[in-house]
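Chemist: Pasting a structure below so you can have a look.
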Amino acid sequence: MTLSALDAAGAFTGSYHTAVAATNKRIVVSPLKGAQQHPSTKGKVTFGFTVQWQFADSITVFVGQCFVDRQGKETLETTWLLREEVPSRRDSWKATRIGTNIFTRIK
């Protein structure tokens, strides 16, 4: 995942390249858009972003919080919902998945 710098309103954009997908199509980099809540006095920033997959009929939303340890290492802990297209309302029960991811900065 690559993220842009925040704008004045706390919005950001970027790209997401997953290594995991339930498709036979070639995986490609997909765009993301998100927002960060203004930092609290405790410095524990919350955020959310959406990934619009370019190789599948699905979209994923992530929400999470940034934690910084004593050495300055940032960790983004997230929970996500992935919604895929299904042919009918009857199949809606199997269209949403939930999971978690932990991201760290690569320098």
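Chain labels follow the order of the structure tokens: the first chain is A, the next B, and so on; residue numbering restarts at 1 in every chain, and ligands are counted from 1 in their shown order.
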Might you pull out every residue within 12 Å of Gly43 (chain A), with only C-alpha atoms counted and same-chain residues fewer than 4 positions away left off, and present them as a PyMOL selection string?
Modeler: chain A and resi 37-39+65-69+74
Chemist: For the residues in the current selection, export N, CA and C atoms as a PDB file, in the first residue's frame.
Modeler:
ATOM      1  N   GLN A  37      -9.001  11.053  10.886  1.00  0.00           N
ATOM      2  CA  GLN A  37      -9.597  11.943  11.885  1.00  0.00           C
ATOM      3  C   GLN A  37      -8.488  12.841  12.420  1.00  0.00           C
ATOM      4  N   HIS A  38      -8.814  14.043  12.788  1.00  0.00           N
ATOM      5  CA  HIS A  38      -7.805  14.932  13.355  1.00  0.00           C
ATOM      6  C   HIS A  38      -7.236  14.285  14.612  1.00  0.00           C
ATOM      7  N   PRO A  39      -5.924  14.335  14.784  1.00  0.00           N
ATOM      8  CA  PRO A  39      -5.309  13.683  15.942  1.00  0.00           C
ATOM      9  C   PRO A  39      -5.901  14.163  17.264  1.00  0.00           C
ATOM     10  N   GLN A  65      -6.713   2.331  13.355  1.00  0.00           N
ATOM     11  CA  GLN A  65      -6.038   3.291  14.219  1.00  0.00           C
ATOM     12  C   GLN A  65      -4.538   3.129  14.053  1.00  0.00           C
ATOM     13  N   CYS A  66      -3.820   4.243  14.141  1.00  0.00           N
ATOM     14  CA  CYS A  66      -2.365   4.240  14.056  1.00  0.00           C
ATOM     15  C   CYS A  66      -1.777   4.261  15.465  1.00  0.00           C
ATOM     16  N   PHE A  67      -0.870   3.333  15.710  1.00  0.00           N
ATOM     17  CA  PHE A  67      -0.161   3.278  16.986  1.00  0.00           C
ATOM     18  C   PHE A  67       1.322   3.490  16.723  1.00  0.00           C
ATOM     19  N   VAL A  68       1.982   4.226  17.605  1.00  0.00           N
ATOM     20  CA  VAL A  68       3.413   4.477  17.488  1.00  0.00           C
ATOM     21  C   VAL A  68       4.071   3.992  18.764  1.00  0.00           C
ATOM     22  N   ASP A  69       5.076   3.101  18.612  1.00  0.00           N
ATOM     23  CA  ASP A  69       5.734   2.579  19.813  1.00  0.00           C
ATOM     24  C   ASP A  69       6.828   3.531  20.293  1.00  0.00           C
ATOM     25  N   GLU A  74       5.576   3.019  13.470  1.00  0.00           N
ATOM     26  CA  GLU A  74       4.137   3.156  13.267  1.00  0.00           C
ATOM     27  C   GLU A  74       3.519   1.814  12.882  1.00  0.00           C
TER      28      GLU A  74
END
Chemist: So how many Å separate CA of Phe55 (chain A) and CA of Thr13 (chain A), to one decimal?
Modeler: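 Separation of CA of Phe55 (chain A) and CA of Thr13 (chain A): 18.8 Å.
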Chemist: Using only C-alpha atoms, find the one residue out of A:Ala19, A:Ala9, A:Ile59, A:Ile98 that sits nearest to Glu84 (chain A).
Modeler: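 Once distances to Glu84 (chain A) are computed over only C-alpha atoms, the minimum belongs to A:Ile59.
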Chemist: Hey, what's within 10 Å of Gln36 (chain A) if we count only C-alpha atoms and toss same-chain stuff fewer than 5 positions away? As number ranges by chain, please?
Modeler: A: 6-7, 9-12, 45-49, 63-66
Chemist: Just give me the gap between CA of Gly34 (chain A) and CA of His17 (chain A) in Å, one decimal is fine.
Modeler: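 Here the two named atoms are 15.9 Å from each other.
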Chemist: Can you measure CA of Lys25 (chain A) to CA of Ser58 (chain A) for me? One decimal in Å is fine.
Modeler: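 Taking CA of Lys25 (chain A) and CA of Ser58 (chain A), their separation equals 12.9 Å.
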